[in-house]
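Just below is one structure, and these are the notes that go with it.
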Amino acid sequence: MLYRTDQETQATALSWIDEFILLAREEILSFTPEIVHHVLPSLSSPSSQISGIAQEANTNLFNLISETTCDFNLAGTVDTLQHQFLDESERTRIASVEWLLMLHRKSPQTLFGTDDATCGRLLKALREGP
């Protein structure tokens, strides 16, 4: 979650992130891991305003990444998603799995190599929970 307790500040920051995703599409790609790190936990905010803006930003970034042919920080994004498996919120964990599924469909050979531990971590997190 964005590290502020002020809901108005969190909502504003998420709105700006969402606007940057829409306006600076290719320039924002290199920041994908950082954006995912802050947006996914915000999906489960008790504030409907914050969770709604986070959902919009998540959807816009998800669509941007799924449609892009440009390079972005895939390894950093996967690492961030793996950390989200341990989040206490089910909504955050589900969103991280949805992201990994999209990335796998986009680039299956790159995402899950034969020696990659991503699948093992995912299965362990799903089995044990947060």
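Ordering of the structure tokens sets the chain letters (A, B, ...), residue numbers begin anew at 1 in every chain, and ligands are numbered from 1 in the order given.
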Could you find all residues in chain A that DSSP calls helix (DSSP H, G or I) from the backbone, and write them as an mmCIF file with N, CA and C atoms, in the first residue's frame?
data_model
loop_
_atom_site.group_PDB
_atom_site.id
_atom_site.type_symbol
_atom_site.label_atom_id
_atom_site.label_comp_id
_atom_site.auth_asym_id
_atom_site.auth_seq_id
_atom_site.Cartn_x
_atom_site.Cartn_y
_atom_site.Cartn_z
ATOM 1 N N GLN A 7 -5.875 9.080 3.738
ATOM 2 C CA GLN A 7 -6.574 8.480 2.607
ATOM 3 C C GLN A 7 -6.641 9.405 1.395
ATOM 4 N N GLU A 8 -6.776 10.689 1.637
ATOM 5 C CA GLU A 8 -6.823 11.633 0.519
ATOM 6 C C GLU A 8 -5.494 11.637 -0.239
ATOM 7 N N THR A 9 -4.388 11.575 0.483
ATOM 8 C CA THR A 9 -3.067 11.530 -0.148
ATOM 9 C C THR A 9 -2.900 10.231 -0.932
ATOM 10 N N GLN A 10 -3.328 9.129 -0.346
ATOM 11 C CA GLN A 10 -3.250 7.835 -1.045
ATOM 12 C C GLN A 10 -4.084 7.853 -2.315
ATOM 13 N N ALA A 11 -5.291 8.367 -2.222
ATOM 14 C CA ALA A 11 -6.172 8.420 -3.394
ATOM 15 C C ALA A 11 -5.567 9.304 -4.480
ATOM 16 N N THR A 12 -4.997 10.437 -4.088
ATOM 17 C CA THR A 12 -4.375 11.336 -5.057
ATOM 18 C C THR A 12 -3.176 10.670 -5.724
ATOM 19 N N ALA A 13 -2.333 10.018 -4.938
ATOM 20 C CA ALA A 13 -1.156 9.343 -5.490
ATOM 21 C C ALA A 13 -1.563 8.250 -6.469
ATOM 22 N N LEU A 14 -2.556 7.462 -6.113
ATOM 23 C CA LEU A 14 -3.035 6.415 -7.014
ATOM 24 C C LEU A 14 -3.644 7.000 -8.285
ATOM 25 N N SER A 15 -4.359 8.104 -8.162
ATOM 26 C CA SER A 15 -4.931 8.765 -9.337
ATOM 27 C C SER A 15 -3.830 9.243 -10.273
ATOM 28 N N TRP A 16 -2.778 9.798 -9.706
ATOM 29 C CA TRP A 16 -1.655 10.256 -10.527
ATOM 30 C C TRP A 16 -0.981 9.079 -11.221
ATOM 31 N N ILE A 17 -0.785 7.997 -10.491
ATOM 32 C CA ILE A 17 -0.196 6.796 -11.095
ATOM 33 C C ILE A 17 -1.054 6.330 -12.261
ATOM 34 N N ASP A 18 -2.356 6.305 -12.056
ATOM 35 C CA ASP A 18 -3.266 5.880 -13.122
ATOM 36 C C ASP A 18 -3.155 6.806 -14.334
ATOM 37 N N GLU A 19 -3.093 8.092 -14.101
ATOM 38 C CA GLU A 19 -2.960 9.052 -15.207
ATOM 39 C C GLU A 19 -1.629 8.876 -15.931
ATOM 40 N N PHE A 20 -0.545 8.650 -15.184
ATOM 41 C CA PHE A 20 0.752 8.415 -15.818
ATOM 42 C C PHE A 20 0.699 7.172 -16.704
ATOM 43 N N ILE A 21 0.021 6.136 -16.236
ATOM 44 C CA ILE A 21 -0.118 4.911 -17.034
ATOM 45 C C ILE A 21 -0.818 5.228 -18.350
ATOM 46 N N LEU A 22 -1.858 6.041 -18.299
ATOM 47 C CA LEU A 22 -2.625 6.365 -19.500
ATOM 48 C C LEU A 22 -1.888 7.335 -20.429
ATOM 49 N N LEU A 23 -1.165 8.287 -19.857
ATOM 50 C CA LEU A 23 -0.552 9.347 -20.662
ATOM 51 C C LEU A 23 0.870 9.028 -21.128
ATOM 52 N N ARG A 25 2.478 6.023 -21.597
ATOM 53 C CA ARG A 25 2.401 4.570 -21.722
ATOM 54 C C ARG A 25 3.777 3.893 -21.790
ATOM 55 N N GLU A 26 4.563 4.179 -22.785
ATOM 56 C CA GLU A 26 5.832 3.481 -22.917
ATOM 57 C C GLU A 26 6.876 3.954 -21.923
ATOM 58 N N GLU A 27 6.803 5.194 -21.526
ATOM 59 C CA GLU A 27 7.767 5.710 -20.556
ATOM 60 C C GLU A 27 7.552 5.096 -19.173
ATOM 61 N N ILE A 28 6.353 4.686 -18.888
ATOM 62 C CA ILE A 28 6.017 4.155 -17.559
ATOM 63 C C ILE A 28 6.402 2.674 -17.417
ATOM 64 N N LEU A 29 6.660 1.997 -18.536
ATOM 65 C CA LEU A 29 6.924 0.560 -18.506
ATOM 66 C C LEU A 29 8.071 0.174 -17.580
ATOM 67 N N SER A 30 9.119 0.976 -17.550
ATOM 68 C CA SER A 30 10.269 0.618 -16.710
ATOM 69 C C SER A 30 9.945 0.697 -15.214
ATOM 70 N N PHE A 31 8.847 1.345 -14.876
ATOM 71 C CA PHE A 31 8.445 1.481 -13.472
ATOM 72 C C PHE A 31 7.412 0.430 -13.048
ATOM 73 N N THR A 32 7.158 -0.539 -13.908
ATOM 74 C CA THR A 32 6.129 -1.541 -13.625
ATOM 75 C C THR A 32 6.309 -2.231 -12.275
ATOM 76 N N PRO A 33 7.498 -2.709 -11.909
ATOM 77 C CA PRO A 33 7.615 -3.372 -10.598
ATOM 78 C C PRO A 33 7.219 -2.471 -9.428
ATOM 79 N N GLU A 34 7.640 -1.215 -9.473
ATOM 80 C CA GLU A 34 7.312 -0.292 -8.384
ATOM 81 C C GLU A 34 5.819 0.009 -8.345
ATOM 82 N N ILE A 35 5.220 0.158 -9.510
ATOM 83 C CA ILE A 35 3.781 0.444 -9.555
ATOM 84 C C ILE A 35 2.996 -0.748 -9.018
ATOM 85 N N VAL A 36 3.348 -1.939 -9.473
ATOM 86 C CA VAL A 36 2.667 -3.148 -8.996
ATOM 87 C C VAL A 36 2.833 -3.284 -7.486
ATOM 88 N N HIS A 37 4.028 -2.979 -6.995
ATOM 89 C CA HIS A 37 4.311 -3.075 -5.561
ATOM 90 C C HIS A 37 3.354 -2.211 -4.732
ATOM 91 N N HIS A 38 2.960 -1.066 -5.256
ATOM 92 C CA HIS A 38 2.084 -0.161 -4.501
ATOM 93 C C HIS A 38 0.602 -0.331 -4.840
ATOM 94 N N VAL A 39 0.307 -0.682 -6.075
ATOM 95 C CA VAL A 39 -1.091 -0.747 -6.491
ATOM 96 C C VAL A 39 -1.782 -2.016 -5.985
ATOM 97 N N LEU A 40 -1.135 -3.167 -6.104
ATOM 98 C CA LEU A 40 -1.825 -4.411 -5.728
ATOM 99 C C LEU A 40 -2.276 -4.429 -4.267
ATOM 100 N N PRO A 41 -1.437 -4.049 -3.305
ATOM 101 C CA PRO A 41 -1.933 -4.029 -1.925
ATOM 102 C C PRO A 41 -3.056 -3.010 -1.710
ATOM 103 N N SER A 42 -3.078 -1.965 -2.513
ATOM 104 C CA SER A 42 -4.128 -0.950 -2.378
ATOM 105 C C SER A 42 -5.482 -1.460 -2.856
ATOM 106 N N SER A 48 -13.243 2.410 -0.058
ATOM 107 C CA SER A 48 -13.736 2.069 -1.398
ATOM 108 C C SER A 48 -13.170 3.013 -2.457
ATOM 109 N N GLN A 49 -12.892 4.248 -2.068
ATOM 110 C CA GLN A 49 -12.302 5.199 -3.012
ATOM 111 C C GLN A 49 -10.900 4.729 -3.421
ATOM 112 N N ILE A 50 -10.087 4.373 -2.443
ATOM 113 C CA ILE A 50 -8.721 3.933 -2.732
ATOM 114 C C ILE A 50 -8.722 2.621 -3.494
ATOM 115 N N SER A 51 -9.517 1.667 -3.058
ATOM 116 C CA SER A 51 -9.539 0.377 -3.753
ATOM 117 C C SER A 51 -10.073 0.524 -5.175
ATOM 118 N N GLY A 52 -11.003 1.426 -5.386
ATOM 119 C CA GLY A 52 -11.539 1.663 -6.733
ATOM 120 C C GLY A 52 -10.509 2.273 -7.665
ATOM 121 N N ILE A 53 -9.762 3.257 -7.168
ATOM 122 C CA ILE A 53 -8.714 3.872 -7.982
ATOM 123 C C ILE A 53 -7.598 2.858 -8.236
ATOM 124 N N ALA A 54 -7.267 2.071 -7.219
ATOM 125 C CA ALA A 54 -6.244 1.039 -7.385
ATOM 126 C C ALA A 54 -6.679 0.017 -8.434
ATOM 127 N N GLN A 55 -7.950 -0.343 -8.426
ATOM 128 C CA GLN A 55 -8.449 -1.296 -9.421
ATOM 129 C C GLN A 55 -8.328 -0.720 -10.832
ATOM 130 N N GLU A 56 -8.656 0.543 -10.984
ATOM 131 C CA GLU A 56 -8.541 1.192 -12.294
ATOM 132 C C GLU A 56 -7.081 1.241 -12.747
ATOM 133 N N ALA A 57 -6.180 1.626 -11.849
ATOM 134 C CA ALA A 57 -4.753 1.677 -12.194
ATOM 135 C C ALA A 57 -4.229 0.287 -12.517
ATOM 136 N N ASN A 58 -4.628 -0.704 -11.739
ATOM 137 C CA ASN A 58 -4.204 -2.077 -11.986
ATOM 138 C C ASN A 58 -4.692 -2.547 -13.357
ATOM 139 N N THR A 59 -5.941 -2.301 -13.665
ATOM 140 C CA THR A 59 -6.496 -2.712 -14.956
ATOM 141 C C THR A 59 -5.770 -2.023 -16.105
ATOM 142 N N ASN A 60 -5.523 -0.731 -15.971
ATOM 143 C CA ASN A 60 -4.854 0.001 -17.046
ATOM 144 C C ASN A 60 -3.420 -0.479 -17.250
ATOM 145 N N LEU A 61 -2.688 -0.724 -16.167
ATOM 146 C CA LEU A 61 -1.318 -1.215 -16.297
ATOM 147 C C LEU A 61 -1.313 -2.645 -16.828
ATOM 148 N N PHE A 62 -2.194 -3.471 -16.328
ATOM 149 C CA PHE A 62 -2.326 -4.855 -16.780
ATOM 150 C C PHE A 62 -2.561 -4.884 -18.290
ATOM 151 N N ASN A 63 -3.496 -4.060 -18.770
ATOM 152 C CA ASN A 63 -3.800 -4.013 -20.205
ATOM 153 C C ASN A 63 -2.616 -3.483 -21.008
ATOM 154 N N LEU A 64 -1.956 -2.472 -20.478
ATOM 155 C CA LEU A 64 -0.782 -1.918 -21.157
ATOM 156 C C LEU A 64 0.293 -2.985 -21.325
ATOM 157 N N ILE A 65 0.596 -3.693 -20.263
ATOM 158 C CA ILE A 65 1.638 -4.719 -20.323
ATOM 159 C C ILE A 65 1.214 -5.862 -21.240
ATOM 160 N N SER A 66 -0.036 -6.271 -21.165
ATOM 161 C CA SER A 66 -0.478 -7.395 -21.991
ATOM 162 C C SER A 66 -0.470 -7.052 -23.479
ATOM 163 N N GLU A 67 -0.623 -5.779 -23.818
ATOM 164 C CA GLU A 67 -0.677 -5.359 -25.220
ATOM 165 C C GLU A 67 0.662 -4.884 -25.768
ATOM 166 N N LEU A 74 10.623 -7.357 -16.841
ATOM 167 C CA LEU A 74 9.885 -8.587 -16.556
ATOM 168 C C LEU A 74 10.390 -9.249 -15.268
ATOM 169 N N ALA A 75 11.695 -9.370 -15.134
ATOM 170 C CA ALA A 75 12.251 -10.037 -13.945
ATOM 171 C C ALA A 75 11.874 -9.289 -12.670
ATOM 172 N N GLY A 76 11.969 -7.974 -12.689
ATOM 173 C CA GLY A 76 11.595 -7.183 -11.516
ATOM 174 C C GLY A 76 10.115 -7.279 -11.209
ATOM 175 N N THR A 77 9.303 -7.324 -12.267
ATOM 176 C CA THR A 77 7.858 -7.443 -12.087
ATOM 177 C C THR A 77 7.511 -8.791 -11.473
ATOM 178 N N VAL A 78 8.110 -9.864 -11.977
ATOM 179 C CA VAL A 78 7.852 -11.206 -11.434
ATOM 180 C C VAL A 78 8.308 -11.282 -9.981
ATOM 181 N N ASP A 79 9.459 -10.702 -9.677
ATOM 182 C CA ASP A 79 9.945 -10.692 -8.298
ATOM 183 C C ASP A 79 8.955 -9.973 -7.382
ATOM 184 N N THR A 80 8.460 -8.835 -7.826
ATOM 185 C CA THR A 80 7.469 -8.087 -7.043
ATOM 186 C C THR A 80 6.198 -8.907 -6.858
ATOM 187 N N LEU A 81 5.751 -9.568 -7.910
ATOM 188 C CA LEU A 81 4.537 -10.392 -7.813
ATOM 189 C C LEU A 81 4.736 -11.545 -6.842
ATOM 190 N N GLN A 82 5.917 -12.128 -6.837
ATOM 191 C CA GLN A 82 6.187 -13.218 -5.900
ATOM 192 C C GLN A 82 6.093 -12.737 -4.457
ATOM 193 N N HIS A 83 6.539 -11.522 -4.202
ATOM 194 C CA HIS A 83 6.413 -10.976 -2.845
ATOM 195 C C HIS A 83 4.938 -10.727 -2.486
ATOM 196 N N GLN A 84 4.131 -10.428 -3.483
ATOM 197 C CA GLN A 84 2.712 -10.188 -3.224
ATOM 198 C C GLN A 84 1.975 -11.473 -2.833
ATOM 199 N N GLU A 90 -6.326 -11.568 0.459
ATOM 200 C CA GLU A 90 -6.627 -12.514 -0.610
ATOM 201 C C GLU A 90 -6.722 -11.797 -1.954
ATOM 202 N N ARG A 91 -7.302 -10.603 -1.962
ATOM 203 C CA ARG A 91 -7.459 -9.842 -3.206
ATOM 204 C C ARG A 91 -6.101 -9.535 -3.844
ATOM 205 N N THR A 92 -5.125 -9.182 -3.023
ATOM 206 C CA THR A 92 -3.775 -8.905 -3.519
ATOM 207 C C THR A 92 -3.138 -10.166 -4.074
ATOM 208 N N ARG A 93 -3.289 -11.274 -3.367
ATOM 209 C CA ARG A 93 -2.713 -12.541 -3.839
ATOM 210 C C ARG A 93 -3.357 -12.984 -5.148
ATOM 211 N N ILE A 94 -4.668 -12.836 -5.253
ATOM 212 C CA ILE A 94 -5.361 -13.213 -6.496
ATOM 213 C C ILE A 94 -4.889 -12.338 -7.650
ATOM 214 N N ALA A 95 -4.752 -11.044 -7.411
ATOM 215 C CA ALA A 95 -4.286 -10.137 -8.462
ATOM 216 C C ALA A 95 -2.884 -10.516 -8.920
ATOM 217 N N SER A 96 -2.017 -10.922 -7.985
ATOM 218 C CA SER A 96 -0.659 -11.309 -8.385
ATOM 219 C C SER A 96 -0.679 -12.572 -9.243
ATOM 220 N N VAL A 97 -1.558 -13.504 -8.940
ATOM 221 C CA VAL A 97 -1.687 -14.714 -9.757
ATOM 222 C C VAL A 97 -2.235 -14.349 -11.143
ATOM 223 N N GLU A 98 -3.198 -13.444 -11.203
ATOM 224 C CA GLU A 98 -3.734 -13.005 -12.500
ATOM 225 C C GLU A 98 -2.632 -12.372 -13.352
ATOM 226 N N TRP A 99 -1.791 -11.562 -12.714
ATOM 227 C CA TRP A 99 -0.668 -10.953 -13.412
ATOM 228 C C TRP A 99 0.284 -12.027 -13.939
ATOM 229 N N LEU A 100 0.640 -12.985 -13.099
ATOM 230 C CA LEU A 100 1.565 -14.034 -13.535
ATOM 231 C C LEU A 100 0.984 -14.855 -14.679
ATOM 232 N N LEU A 101 -0.285 -15.125 -14.624
ATOM 233 C CA LEU A 101 -0.937 -15.862 -15.704
ATOM 234 C C LEU A 101 -0.860 -15.071 -17.014
ATOM 235 N N MET A 102 -1.134 -13.768 -16.953
ATOM 236 C CA MET A 102 -1.044 -12.928 -18.144
ATOM 237 C C MET A 102 0.383 -12.912 -18.677
ATOM 238 N N LEU A 103 1.367 -12.756 -17.786
ATOM 239 C CA LEU A 103 2.765 -12.723 -18.218
ATOM 240 C C LEU A 103 3.191 -14.063 -18.804
ATOM 241 N N HIS A 104 2.690 -15.146 -18.232
ATOM 242 C CA HIS A 104 2.996 -16.478 -18.771
ATOM 243 C C HIS A 104 2.411 -16.635 -20.170
ATOM 244 N N ARG A 105 1.197 -16.200 -20.369
ATOM 245 C CA ARG A 105 0.582 -16.282 -21.705
ATOM 246 C C ARG A 105 1.336 -15.411 -22.715
ATOM 247 N N LYS A 106 1.831 -14.291 -22.243
ATOM 248 C CA LYS A 106 2.555 -13.359 -23.098
ATOM 249 C C LYS A 106 3.921 -13.916 -23.490
ATOM 250 N N PRO A 108 5.691 -17.427 -22.355
ATOM 251 C CA PRO A 108 5.824 -18.624 -21.522
ATOM 252 C C PRO A 108 7.265 -19.113 -21.342
ATOM 253 N N GLN A 109 8.086 -19.034 -22.361
ATOM 254 C CA GLN A 109 9.458 -19.517 -22.227
ATOM 255 C C GLN A 109 10.278 -18.623 -21.310
ATOM 256 N N THR A 110 9.990 -17.342 -21.318
ATOM 257 C CA THR A 110 10.750 -16.399 -20.508
ATOM 258 C C THR A 110 10.337 -16.453 -19.045
ATOM 259 N N LEU A 111 9.056 -16.621 -18.789
ATOM 260 C CA LEU A 111 8.560 -16.516 -17.420
ATOM 261 C C LEU A 111 8.894 -17.732 -16.572
ATOM 262 N N THR A 118 9.635 -19.905 -9.571
ATOM 263 C CA THR A 118 8.393 -19.146 -9.459
ATOM 264 C C THR A 118 7.200 -20.063 -9.206
ATOM 265 N N CYS A 119 7.088 -21.133 -9.971
ATOM 266 C CA CYS A 119 5.954 -22.051 -9.785
ATOM 267 C C CYS A 119 5.951 -22.652 -8.387
ATOM 268 N N GLY A 120 7.118 -23.052 -7.921
ATOM 269 C CA GLY A 120 7.212 -23.625 -6.576
ATOM 270 C C GLY A 120 6.797 -22.637 -5.510
ATOM 271 N N ARG A 121 7.238 -21.386 -5.648
ATOM 272 C CA ARG A 121 6.863 -20.362 -4.666
ATOM 273 C C ARG A 121 5.359 -20.106 -4.707
ATOM 274 N N LEU A 122 4.811 -20.079 -5.915
ATOM 275 C CA LEU A 122 3.372 -19.859 -6.055
ATOM 276 C C LEU A 122 2.595 -20.985 -5.387
ATOM 277 N N LEU A 123 2.956 -22.197 -5.674
ATOM 278 C CA LEU A 123 2.243 -23.339 -5.084
ATOM 279 C C LEU A 123 2.392 -23.361 -3.563
ATOM 280 N N LYS A 124 3.578 -23.033 -3.075
ATOM 281 C CA LYS A 124 3.793 -22.994 -1.634
ATOM 282 C C LYS A 124 2.930 -21.905 -0.989
ATOM 283 N N ALA A 125 2.894 -20.736 -1.619
ATOM 284 C CA ALA A 125 2.086 -19.638 -1.071
ATOM 285 C C ALA A 125 0.609 -19.978 -1.092
ATOM 286 N N LEU A 126 0.154 -20.633 -2.142
ATOM 287 C CA LEU A 126 -1.261 -21.005 -2.230
ATOM 288 C C LEU A 126 -1.605 -22.069 -1.190
ATOM 289 N N ARG A 127 -0.682 -22.969 -0.952
ATOM 290 C CA ARG A 127 -0.923 -24.044 0.008
ATOM 291 C C ARG A 127 -0.894 -23.538 1.451
ATOM 292 N N GLU A 128 0.092 -22.678 1.738
ATOM 293 C CA GLU A 128 0.274 -22.245 3.121
ATOM 294 C C GLU A 128 -0.463 -20.960 3.463
#
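You can rank A:Ser107, A:Phe85, A:Ala24, A:Asp6 by their closest distance to A:Thr69 using only C-alpha atoms, and at the top of that list sits A:Ser107.
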